[in-house]
file entry12.csv (CSV, C-alpha atoms and all ligand atoms)
chain,number,residue,atom,x,y,z
A,1,MET,CA,-47.4,137.2,70.4
A,2,SER,CA,-43.8,137.9,69.4
A,3,VAL,CA,-42.5,136.1,66.4
A,4,ARG,CA,-39.3,134.2,66.6
A,5,ARG,CA,-37.0,134.3,63.6
A,6,VAL,CA,-34.1,131.8,63.2
A,7,VAL,CA,-31.5,131.0,60.7
A,8,LEU,CA,-30.7,127.2,60.7
A,9,LYS,CA,-27.4,126.0,59.3
A,10,ILE,CA,-27.8,122.5,58.0
A,11,SER,CA,-24.5,120.8,56.9
A,12,GLY,CA,-24.5,118.7,53.8
A,13,GLU,CA,-24.0,115.6,56.0
A,14,CYS,CA,-27.7,115.9,57.1
A,15,PHE,CA,-28.7,115.2,53.5
A,16,CYS,CA,-27.6,111.6,53.7
A,17,PRO,CA,-27.3,108.8,56.3
A,18,ALA,CA,-24.4,109.0,58.8
A,19,GLY,CA,-21.1,108.3,57.1
A,20,GLY,CA,-22.7,108.5,53.6
A,21,ARG,CA,-22.3,110.9,50.7
A,22,GLY,CA,-24.6,112.4,48.1
A,23,ILE,CA,-28.3,113.0,48.6
A,24,SER,CA,-30.7,110.5,50.1
A,25,MET,CA,-34.3,111.7,49.9
A,26,PRO,CA,-35.4,109.8,53.0
A,27,SER,CA,-32.8,111.8,55.0
A,28,VAL,CA,-34.0,115.0,53.3
A,29,MET,CA,-37.6,114.1,54.1
A,30,LEU,CA,-36.7,113.7,57.8
A,31,LEU,CA,-35.4,117.2,57.8
A,32,ALA,CA,-38.3,118.5,55.9
A,33,GLU,CA,-41.0,117.0,58.2
A,34,GLN,CA,-39.4,118.4,61.3
A,35,VAL,CA,-39.0,121.9,59.8
A,36,ALA,CA,-42.5,121.9,58.4
A,37,LYS,CA,-44.1,120.9,61.7
A,38,VAL,CA,-42.7,123.9,63.4
A,39,ALA,CA,-43.4,126.3,60.5
A,40,LYS,CA,-47.1,125.2,60.5
A,41,ASP,CA,-47.8,125.1,64.2
A,42,ASP,CA,-45.6,127.7,65.8
A,43,ASN,CA,-44.8,131.3,65.4
A,44,VAL,CA,-41.4,130.8,64.0
A,45,GLN,CA,-39.9,132.3,60.8
A,46,ILE,CA,-37.3,130.0,59.3
A,47,GLY,CA,-34.4,130.6,57.0
A,48,ILE,CA,-32.2,127.6,56.2
A,49,VAL,CA,-28.6,127.8,55.0
A,50,MET,CA,-27.6,124.5,53.4
A,51,GLY,CA,-24.0,123.2,53.3
A,52,GLY,CA,-22.7,121.1,50.4
A,53,GLY,CA,-20.2,118.8,52.1
A,54,ASN,CA,-22.1,115.7,51.2
A,55,ILE,CA,-21.3,116.5,47.6
A,56,LEU,CA,-18.1,118.6,47.5
A,57,ARG,CA,-16.0,120.8,49.8
A,58,GLY,CA,-13.8,123.2,47.9
A,59,GLY,CA,-10.8,123.0,50.2
A,60,GLN,CA,-10.7,119.2,50.2
A,61,PHE,CA,-11.4,118.9,46.5
A,62,LYS,CA,-8.5,121.2,45.7
A,63,ALA,CA,-6.2,119.3,48.1
A,64,ASN,CA,-6.8,116.1,46.2
A,65,ASN,CA,-6.8,117.5,42.7
A,66,ASN,CA,-3.8,119.6,41.5
A,67,ALA,CA,-5.6,120.2,38.2
A,68,ILE,CA,-8.2,122.4,39.7
A,69,GLN,CA,-7.8,126.0,40.8
A,70,GLU,CA,-8.9,126.6,44.4
A,71,SER,CA,-11.5,129.2,43.6
A,72,THR,CA,-13.0,126.9,41.0
A,73,ALA,CA,-13.3,124.2,43.6
A,74,HIS,CA,-15.0,126.6,46.0
A,75,TYR,CA,-17.5,127.6,43.3
A,76,MET,CA,-18.2,123.9,42.8
A,77,GLY,CA,-18.9,123.6,46.5
A,78,MET,CA,-21.3,126.5,46.3
A,79,LEU,CA,-23.1,124.8,43.5
A,80,ALA,CA,-23.4,121.7,45.7
A,81,THR,CA,-25.5,123.7,48.1
A,82,VAL,CA,-27.9,124.6,45.3
A,83,ILE,CA,-28.4,120.9,44.6
A,84,ASN,CA,-29.2,120.3,48.3
A,85,GLY,CA,-31.5,123.3,48.3
A,86,LEU,CA,-33.5,122.0,45.3
A,87,ALA,CA,-33.9,118.6,47.1
A,88,LEU,CA,-34.9,120.3,50.4
A,89,GLN,CA,-37.4,122.6,48.6
A,90,ASP,CA,-39.3,119.7,47.0
A,91,ALA,CA,-39.2,117.8,50.3
A,92,ILE,CA,-40.6,120.7,52.4
A,93,GLU,CA,-43.3,121.5,49.8
A,94,LEU,CA,-44.3,117.8,49.7
A,95,VAL,CA,-45.2,118.1,53.4
A,96,GLY,CA,-47.3,121.2,52.8
A,97,CYS,CA,-45.2,124.4,53.4
A,98,ASP,CA,-44.4,127.2,51.1
A,99,THR,CA,-40.8,127.8,50.4
A,100,ARG,CA,-38.5,130.0,48.3
A,101,LEU,CA,-35.1,128.9,47.2
A,102,MET,CA,-32.8,131.9,47.0
A,103,THR,CA,-29.3,131.8,45.9
A,104,ALA,CA,-26.2,134.0,46.3
A,105,LEU,CA,-25.0,132.9,42.8
A,106,PRO,CA,-27.4,134.1,40.2
A,107,MET,CA,-29.2,131.1,38.7
A,108,ASP,CA,-32.6,132.4,37.6
A,109,VAL,CA,-33.9,129.2,36.1
A,110,VAL,CA,-33.9,127.3,39.3
A,111,ALA,CA,-33.9,129.9,42.1
A,112,GLU,CA,-34.5,133.5,43.0
A,113,PRO,CA,-31.5,135.8,43.5
A,114,TYR,CA,-30.9,136.5,47.2
A,115,ILE,CA,-32.2,139.9,48.0
A,116,ARG,CA,-32.3,140.8,51.7
A,117,ARG,CA,-35.6,142.7,51.7
A,118,ARG,CA,-37.3,140.1,49.6
A,119,ALA,CA,-36.0,137.4,51.9
A,120,ILE,CA,-37.5,139.2,54.9
A,121,ARG,CA,-40.8,139.6,53.0
A,122,HIS,CA,-41.0,135.8,52.4
A,123,LEU,CA,-40.4,135.2,56.1
A,124,GLU,CA,-43.1,137.6,57.1
A,125,VAL,CA,-45.7,135.9,55.0
A,126,GLY,CA,-44.7,132.5,56.4
A,127,ARG,CA,-42.5,131.1,53.6
A,128,ILE,CA,-39.5,129.0,54.6
A,129,ILE,CA,-36.5,130.5,52.8
A,130,LEU,CA,-33.8,128.2,51.6
A,131,LEU,CA,-30.5,130.1,51.2
A,132,ALA,CA,-28.2,128.5,48.8
A,133,GLY,CA,-24.9,129.4,47.2
A,134,GLY,CA,-23.2,130.3,50.5
A,135,THR,CA,-22.0,133.9,50.5
A,136,GLY,CA,-21.4,133.7,46.7
A,137,SER,CA,-17.7,134.2,47.3
A,138,PRO,CA,-15.0,131.5,47.4
A,139,PHE,CA,-12.6,130.7,50.3
A,140,VAL,CA,-15.2,130.7,53.1
A,141,THR,CA,-17.8,128.1,54.1
A,142,THR,CA,-21.5,128.0,54.6
A,143,ASP,CA,-21.0,128.6,58.3
A,144,THR,CA,-19.9,132.1,57.4
A,145,ALA,CA,-22.9,132.4,55.1
A,146,ALA,CA,-25.2,131.4,58.0
A,147,ALA,CA,-23.7,134.0,60.3
A,148,GLN,CA,-24.0,136.6,57.6
A,149,ARG,CA,-27.6,135.8,56.9
A,150,ALA,CA,-28.6,135.5,60.5
A,151,LEU,CA,-27.2,139.0,61.1
A,152,GLU,CA,-28.7,140.7,58.1
A,153,LEU,CA,-32.1,139.0,58.5
A,154,ASN,CA,-32.2,140.1,62.2
A,155,ALA,CA,-32.6,136.6,63.4
A,156,ASP,CA,-33.0,135.9,67.1
A,157,CYS,CA,-30.6,133.0,66.9
A,158,LEU,CA,-28.3,131.1,64.6
A,159,LEU,CA,-29.0,127.4,65.0
A,160,LYS,CA,-26.2,125.0,64.0
A,161,ALA,CA,-27.3,121.4,63.4
A,162,THR,CA,-24.4,119.0,64.0
A,163,LYS,CA,-23.7,115.3,64.6
A,164,VAL,CA,-22.7,115.8,68.3
A,165,ASP,CA,-24.8,117.0,71.2
A,166,GLY,CA,-23.2,120.5,71.3
A,167,VAL,CA,-19.8,122.0,72.1
A,168,TYR,CA,-17.2,119.9,73.9
A,169,SER,CA,-13.7,120.7,75.2
A,170,ASP,CA,-12.5,118.1,72.7
A,171,ASP,CA,-13.9,115.8,69.9
A,172,PRO,CA,-16.3,113.6,71.8
A,173,GLU,CA,-16.1,111.0,69.1
A,174,LYS,CA,-12.4,110.6,69.8
A,175,ASN,CA,-12.0,111.6,73.5
A,176,LYS,CA,-14.5,110.0,75.9
A,177,ASP,CA,-13.4,112.5,78.6
A,178,ALA,CA,-14.3,115.6,76.6
A,179,GLN,CA,-16.3,118.0,78.7
A,180,PHE,CA,-19.7,119.1,77.5
A,181,TYR,CA,-20.6,122.9,77.7
A,182,GLU,CA,-24.2,124.0,78.2
A,183,THR,CA,-23.0,127.5,77.5
A,184,ILE,CA,-19.7,128.9,76.4
A,185,THR,CA,-18.5,132.4,75.4
A,186,TYR,CA,-17.3,133.3,71.9
A,187,ASP,CA,-14.0,134.1,73.4
A,188,ASP,CA,-13.6,130.6,75.0
A,189,VAL,CA,-14.5,128.9,71.7
A,190,ARG,CA,-11.8,130.9,70.1
A,191,ARG,CA,-9.2,130.6,72.9
A,192,GLN,CA,-9.7,126.8,73.1
A,193,ASN,CA,-9.7,126.7,69.3
A,194,LEU,CA,-12.9,124.6,69.4
A,195,ARG,CA,-13.8,123.6,65.8
A,196,VAL,CA,-17.6,123.9,66.2
A,197,MET,CA,-18.0,126.4,63.3
A,198,ASP,CA,-15.4,128.1,61.2
A,199,PRO,CA,-13.6,130.9,62.9
A,200,GLU,CA,-14.9,133.6,60.6
A,201,SER,CA,-18.5,132.8,61.5
A,202,ILE,CA,-17.7,132.8,65.2
A,203,ALA,CA,-16.0,136.2,64.8
A,204,LYS,CA,-18.9,137.6,63.0
A,205,CYS,CA,-21.4,136.4,65.6
A,206,ALA,CA,-19.2,137.6,68.4
A,207,GLU,CA,-18.8,141.1,66.9
A,208,HIS,CA,-22.5,141.6,66.7
A,209,GLY,CA,-23.7,139.5,69.6
A,210,MET,CA,-25.6,136.9,67.6
A,211,ALA,CA,-26.3,133.8,69.8
A,212,ILE,CA,-25.5,130.4,68.3
A,213,GLN,CA,-27.2,127.3,69.5
A,214,VAL,CA,-25.4,124.0,68.6
A,215,PHE,CA,-27.4,120.8,68.8
A,216,ASN,CA,-27.4,117.2,67.6
A,217,PHE,CA,-29.8,116.9,64.6
A,218,ARG,CA,-29.7,113.1,64.7
A,219,THR,CA,-31.5,113.0,68.1
A,220,GLU,CA,-35.1,112.6,67.3
A,221,GLY,CA,-37.2,115.7,67.9
A,222,ASN,CA,-34.1,117.9,68.4
A,223,LEU,CA,-34.5,120.0,65.3
A,224,GLU,CA,-38.0,120.8,66.2
A,225,ARG,CA,-37.0,121.7,69.8
A,226,ALA,CA,-34.2,124.0,68.6
A,227,LEU,CA,-36.5,125.7,66.1
A,228,LYS,CA,-39.0,126.4,68.8
A,229,GLY,CA,-36.4,127.8,71.1
A,230,GLU,CA,-36.0,125.0,73.6
A,231,ARG,CA,-32.8,125.1,75.6
A,232,ILE,CA,-31.0,122.0,74.2
A,233,GLY,CA,-27.3,121.6,73.1
A,234,THR,CA,-24.9,124.4,73.7
A,235,ILE,CA,-25.5,128.2,73.5
A,236,ILE,CA,-22.5,130.2,72.4
A,237,GLY,CA,-22.8,133.9,73.5
A,238,LYS,CA,-21.0,136.7,75.3
B,301,LIG,N1,-18.3,127.7,49.8
B,301,LIG,C1,-17.7,128.8,49.4
B,301,LIG,N2,-18.3,130.0,49.8
B,301,LIG,C2,-19.3,130.1,50.6
B,301,LIG,C3,-19.9,128.9,51.0
B,301,LIG,C4,-19.4,127.7,50.6
B,301,LIG,O1,-16.7,128.8,48.6
B,301,LIG,O2,-19.8,131.2,50.9
B,301,LIG,C5,-17.8,126.4,49.2
B,301,LIG,C6,-16.7,125.8,50.1
B,301,LIG,O3,-15.8,125.2,49.2
B,301,LIG,C7,-17.3,124.8,50.9
B,301,LIG,C8,-18.4,124.2,50.0
B,301,LIG,O4,-18.8,125.4,49.3
B,301,LIG,O5,-16.4,123.8,51.3
B,301,LIG,C9,-19.5,123.5,50.7
B,301,LIG,O6,-19.9,124.2,51.9
B,301,LIG,P1,-19.6,123.7,53.3
B,301,LIG,O7,-18.2,123.1,53.4
B,301,LIG,O8,-19.8,124.8,54.2
B,301,LIG,O9,-20.6,122.6,53.6
B,301,LIG,P2,-21.0,121.7,54.9
B,301,LIG,O10,-19.6,121.4,55.5
B,301,LIG,O11,-21.7,122.6,55.8
B,301,LIG,O12,-21.7,120.6,54.4
call {"tool": "encode", "arguments": {"input": "entry12.csv", "output": "structure tokens"}}
result
Amino acid sequence: MSVRRVVLKISGECFCPAGGRGISMPSVMLLAEQVAKVAKDDNVQIGIVMGGGNILRGGQFKANNNAIQESTAHYMGMLATVINGLALQDAIELVGCDTRLMTALPMDVVAEPYIRRRAIRHLEVGRIILLAGGTGSPFVTTDTAAAQRALELNADCLLKATKVDGVYSDDPEKNKDAQFYETITYDDVRRQNLRVMDPESIAKCAEHGMAIQVFNFRTEGNLERALKGERIGTIIGK
């Protein structure tokens, strides 16, 4: 049986209730339970890239604080993803799956350094890998980190968990007439300037033909379905 390998991008907003900030362990447990169910029962290798927006986004923080340098603010955002990773690691292990927290920023006391071949090895022996620290470089977001990891880990698909059902022609929370797309090309996402993931991540996936599946993580069972490869949400491809 062929093994499916996915990289799942979970935004920081999934680590707390809708509209909240910080970390809420009940929200993290919900994520953990769904991920663990698939990891235990199905032939799916799972890498997770965590965002940090529930704690701090570098660009926003800089915009509101003159006293900070922009690069510093981005490093603070990267550290936020490690905080989320630590919480998710305990939650997933509590429900019985093996994990490794790997970080792009060296932080030996709490996490392994990200080393591609080691990450692949963890996946092959059934560990869920939690990929923190983004790319390790400022001025990009964890969307770009997710695209990067999906490519270098030879994932079958990049899964992007969001708070809407998929890709729309406009923000469905603001425009009731926004059109929903079951599939859309990378070029159309770029041409229509749809803010589904940051442009760098779309460009990277487009260049290398990495499929992106965008789905609503707040719909019960969706995370599980997406991990298993069910056709929900929107597929972005060629
Ligand atoms: N970040 C960065 N480099 C990276 C990944 C993230 O500088 O490779 C910083 C950036 O400031 C970003 C913050 O970390 O705003 C948190 O990540 P992100 O905004 O992607 O989190 P999400 O919106 O997914 O919760």
call {"tool": "closest_residue", "arguments": {"input": "entry12.csv", "among": "A:Gln192, A:Thr72, A:Asn216, A:Ser2", "to": "ligand LIG 301 (chain B)", "atoms": "all atoms listed in the file"}}
result
A:Thr72
call {"tool": "residues_around", "arguments": {"input": "entry12.csv", "residues": "stretch 177-188 of chain A", "least_positions_apart": "6", "cutoff": "7 Å", "atoms": "only C-alpha atoms", "output": "PyMOL selection string"}}
result
chain A and resi 167-171+202+206+233-238
call {"tool": "residues_near_ligand", "arguments": {"input": "entry12.csv", "ligand": "ligand LIG 301 (chain B)", "cutoff": "10 Å", "atoms": "all atoms listed in the file", "output": "PDB file with C-alpha atoms, in the coordinates of the input"}}
result
ATOM      1  CA  LYS A   9     -27.400 126.000  59.300  1.00  0.00           C
ATOM      2  CA  ILE A  10     -27.800 122.500  58.000  1.00  0.00           C
ATOM      3  CA  SER A  11     -24.500 120.800  56.900  1.00  0.00           C
ATOM      4  CA  GLY A  12     -24.500 118.700  53.800  1.00  0.00           C
ATOM      5  CA  GLU A  13     -24.000 115.600  56.000  1.00  0.00           C
ATOM      6  CA  CYS A  14     -27.700 115.900  57.100  1.00  0.00           C
ATOM      7  CA  PHE A  15     -28.700 115.200  53.500  1.00  0.00           C
ATOM      8  CA  VAL A  49     -28.600 127.800  55.000  1.00  0.00           C
ATOM      9  CA  MET A  50     -27.600 124.500  53.400  1.00  0.00           C
ATOM     10  CA  GLY A  51     -24.000 123.200  53.300  1.00  0.00           C
ATOM     11  CA  GLY A  52     -22.700 121.100  50.400  1.00  0.00           C
ATOM     12  CA  GLY A  53     -20.200 118.800  52.100  1.00  0.00           C
ATOM     13  CA  ASN A  54     -22.100 115.700  51.200  1.00  0.00           C
ATOM     14  CA  ILE A  55     -21.300 116.500  47.600  1.00  0.00           C
ATOM     15  CA  LEU A  56     -18.100 118.600  47.500  1.00  0.00           C
ATOM     16  CA  ARG A  57     -16.000 120.800  49.800  1.00  0.00           C
ATOM     17  CA  GLY A  58     -13.800 123.200  47.900  1.00  0.00           C
ATOM     18  CA  GLY A  59     -10.800 123.000  50.200  1.00  0.00           C
ATOM     19  CA  GLN A  60     -10.700 119.200  50.200  1.00  0.00           C
ATOM     20  CA  PHE A  61     -11.400 118.900  46.500  1.00  0.00           C
ATOM     21  CA  LYS A  62      -8.500 121.200  45.700  1.00  0.00           C
ATOM     22  CA  GLU A  70      -8.900 126.600  44.400  1.00  0.00           C
ATOM     23  CA  SER A  71     -11.500 129.200  43.600  1.00  0.00           C
ATOM     24  CA  THR A  72     -13.000 126.900  41.000  1.00  0.00           C
ATOM     25  CA  ALA A  73     -13.300 124.200  43.600  1.00  0.00           C
ATOM     26  CA  HIS A  74     -15.000 126.600  46.000  1.00  0.00           C
ATOM     27  CA  TYR A  75     -17.500 127.600  43.300  1.00  0.00           C
ATOM     28  CA  MET A  76     -18.200 123.900  42.800  1.00  0.00           C
ATOM     29  CA  GLY A  77     -18.900 123.600  46.500  1.00  0.00           C
ATOM     30  CA  MET A  78     -21.300 126.500  46.300  1.00  0.00           C
ATOM     31  CA  LEU A  79     -23.100 124.800  43.500  1.00  0.00           C
ATOM     32  CA  ALA A  80     -23.400 121.700  45.700  1.00  0.00           C
ATOM     33  CA  THR A  81     -25.500 123.700  48.100  1.00  0.00           C
ATOM     34  CA  VAL A  82     -27.900 124.600  45.300  1.00  0.00           C
ATOM     35  CA  ASN A  84     -29.200 120.300  48.300  1.00  0.00           C
ATOM     36  CA  ALA A 104     -26.200 134.000  46.300  1.00  0.00           C
ATOM     37  CA  LEU A 105     -25.000 132.900  42.800  1.00  0.00           C
ATOM     38  CA  ALA A 132     -28.200 128.500  48.800  1.00  0.00           C
ATOM     39  CA  GLY A 133     -24.900 129.400  47.200  1.00  0.00           C
ATOM     40  CA  GLY A 134     -23.200 130.300  50.500  1.00  0.00           C
ATOM     41  CA  THR A 135     -22.000 133.900  50.500  1.00  0.00           C
ATOM     42  CA  GLY A 136     -21.400 133.700  46.700  1.00  0.00           C
ATOM     43  CA  SER A 137     -17.700 134.200  47.300  1.00  0.00           C
ATOM     44  CA  PRO A 138     -15.000 131.500  47.400  1.00  0.00           C
ATOM     45  CA  PHE A 139     -12.600 130.700  50.300  1.00  0.00           C
ATOM     46  CA  VAL A 140     -15.200 130.700  53.100  1.00  0.00           C
ATOM     47  CA  THR A 141     -17.800 128.100  54.100  1.00  0.00           C
ATOM     48  CA  THR A 142     -21.500 128.000  54.600  1.00  0.00           C
ATOM     49  CA  ASP A 143     -21.000 128.600  58.300  1.00  0.00           C
ATOM     50  CA  THR A 144     -19.900 132.100  57.400  1.00  0.00           C
ATOM     51  CA  ALA A 145     -22.900 132.400  55.100  1.00  0.00           C
ATOM     52  CA  ALA A 146     -25.200 131.400  58.000  1.00  0.00           C
ATOM     53  CA  GLN A 148     -24.000 136.600  57.600  1.00  0.00           C
ATOM     54  CA  LYS A 160     -26.200 125.000  64.000  1.00  0.00           C
ATOM     55  CA  ALA A 161     -27.300 121.400  63.400  1.00  0.00           C
ATOM     56  CA  THR A 162     -24.400 119.000  64.000  1.00  0.00           C
ATOM     57  CA  MET A 197     -18.000 126.400  63.300  1.00  0.00           C
ATOM     58  CA  ASP A 198     -15.400 128.100  61.200  1.00  0.00           C
TER      59      ASP A 198
END
call {"tool": "residues_around", "arguments": {"input": "entry12.csv", "residues": "stretch 220-228 of chain A", "least_positions_apart": "6", "cutoff": "8 Å", "atoms": "all atoms listed in the file", "output": "PyMOL selection string"}}
result
chain A and resi 6+34-35+37-38+42+44+159+161+213
call {"tool": "closest_atom_pairs", "arguments": {"input": "entry12.csv", "of": "stretch 151-217 of chain A", "to": "stretch 116-122 of chain A", "cutoff": "12 Å", "atoms": "only C-alpha atoms", "output": "Markdown table"}}
result
| residue | atom | partner | partner_atom | distance |
| --- | --- | --- | --- | --- |
| A:Leu151 | CA | A:Arg116 | CA | 10.8 |
| A:Glu152 | CA | A:Arg116 | CA | 7.3 |
| A:Leu153 | CA | A:Ile120 | CA | 6.5 |
| A:Asn154 | CA | A:Ile120 | CA | 9.1 |
| A:Ala155 | CA | A:Ile120 | CA | 10.1 |
call {"tool": "residues_near_point", "arguments": {"input": "entry12.csv", "point": "(-31.2, 110.5, 58.2)", "cutoff": "9 Å", "atoms": "all atoms listed in the file", "output": "list in words"}}
result
Cys14, Phe15, Cys16, Pro17, Ala18, Ser24, Met25, Pro26, Ser27, Val28, Met29, Leu30, Leu31 and Arg218 of chain A
call {"tool": "residues_near_point", "arguments": {"input": "entry12.csv", "point": "(-29.7, 132.2, 48.1)", "cutoff": "7 Å", "atoms": "all atoms listed in the file", "output": "PDB file with C-alpha atoms, in the frame of the given file"}}
result
ATOM      1  CA  LEU A 101     -35.100 128.900  47.200  1.00  0.00           C
ATOM      2  CA  MET A 102     -32.800 131.900  47.000  1.00  0.00           C
ATOM      3  CA  THR A 103     -29.300 131.800  45.900  1.00  0.00           C
ATOM      4  CA  ALA A 104     -26.200 134.000  46.300  1.00  0.00           C
ATOM      5  CA  PRO A 113     -31.500 135.800  43.500  1.00  0.00           C
ATOM      6  CA  TYR A 114     -30.900 136.500  47.200  1.00  0.00           C
ATOM      7  CA  LEU A 130     -33.800 128.200  51.600  1.00  0.00           C
ATOM      8  CA  LEU A 131     -30.500 130.100  51.200  1.00  0.00           C
ATOM      9  CA  ALA A 132     -28.200 128.500  48.800  1.00  0.00           C
ATOM     10  CA  GLY A 133     -24.900 129.400  47.200  1.00  0.00           C
TER      11      GLY A 133
END
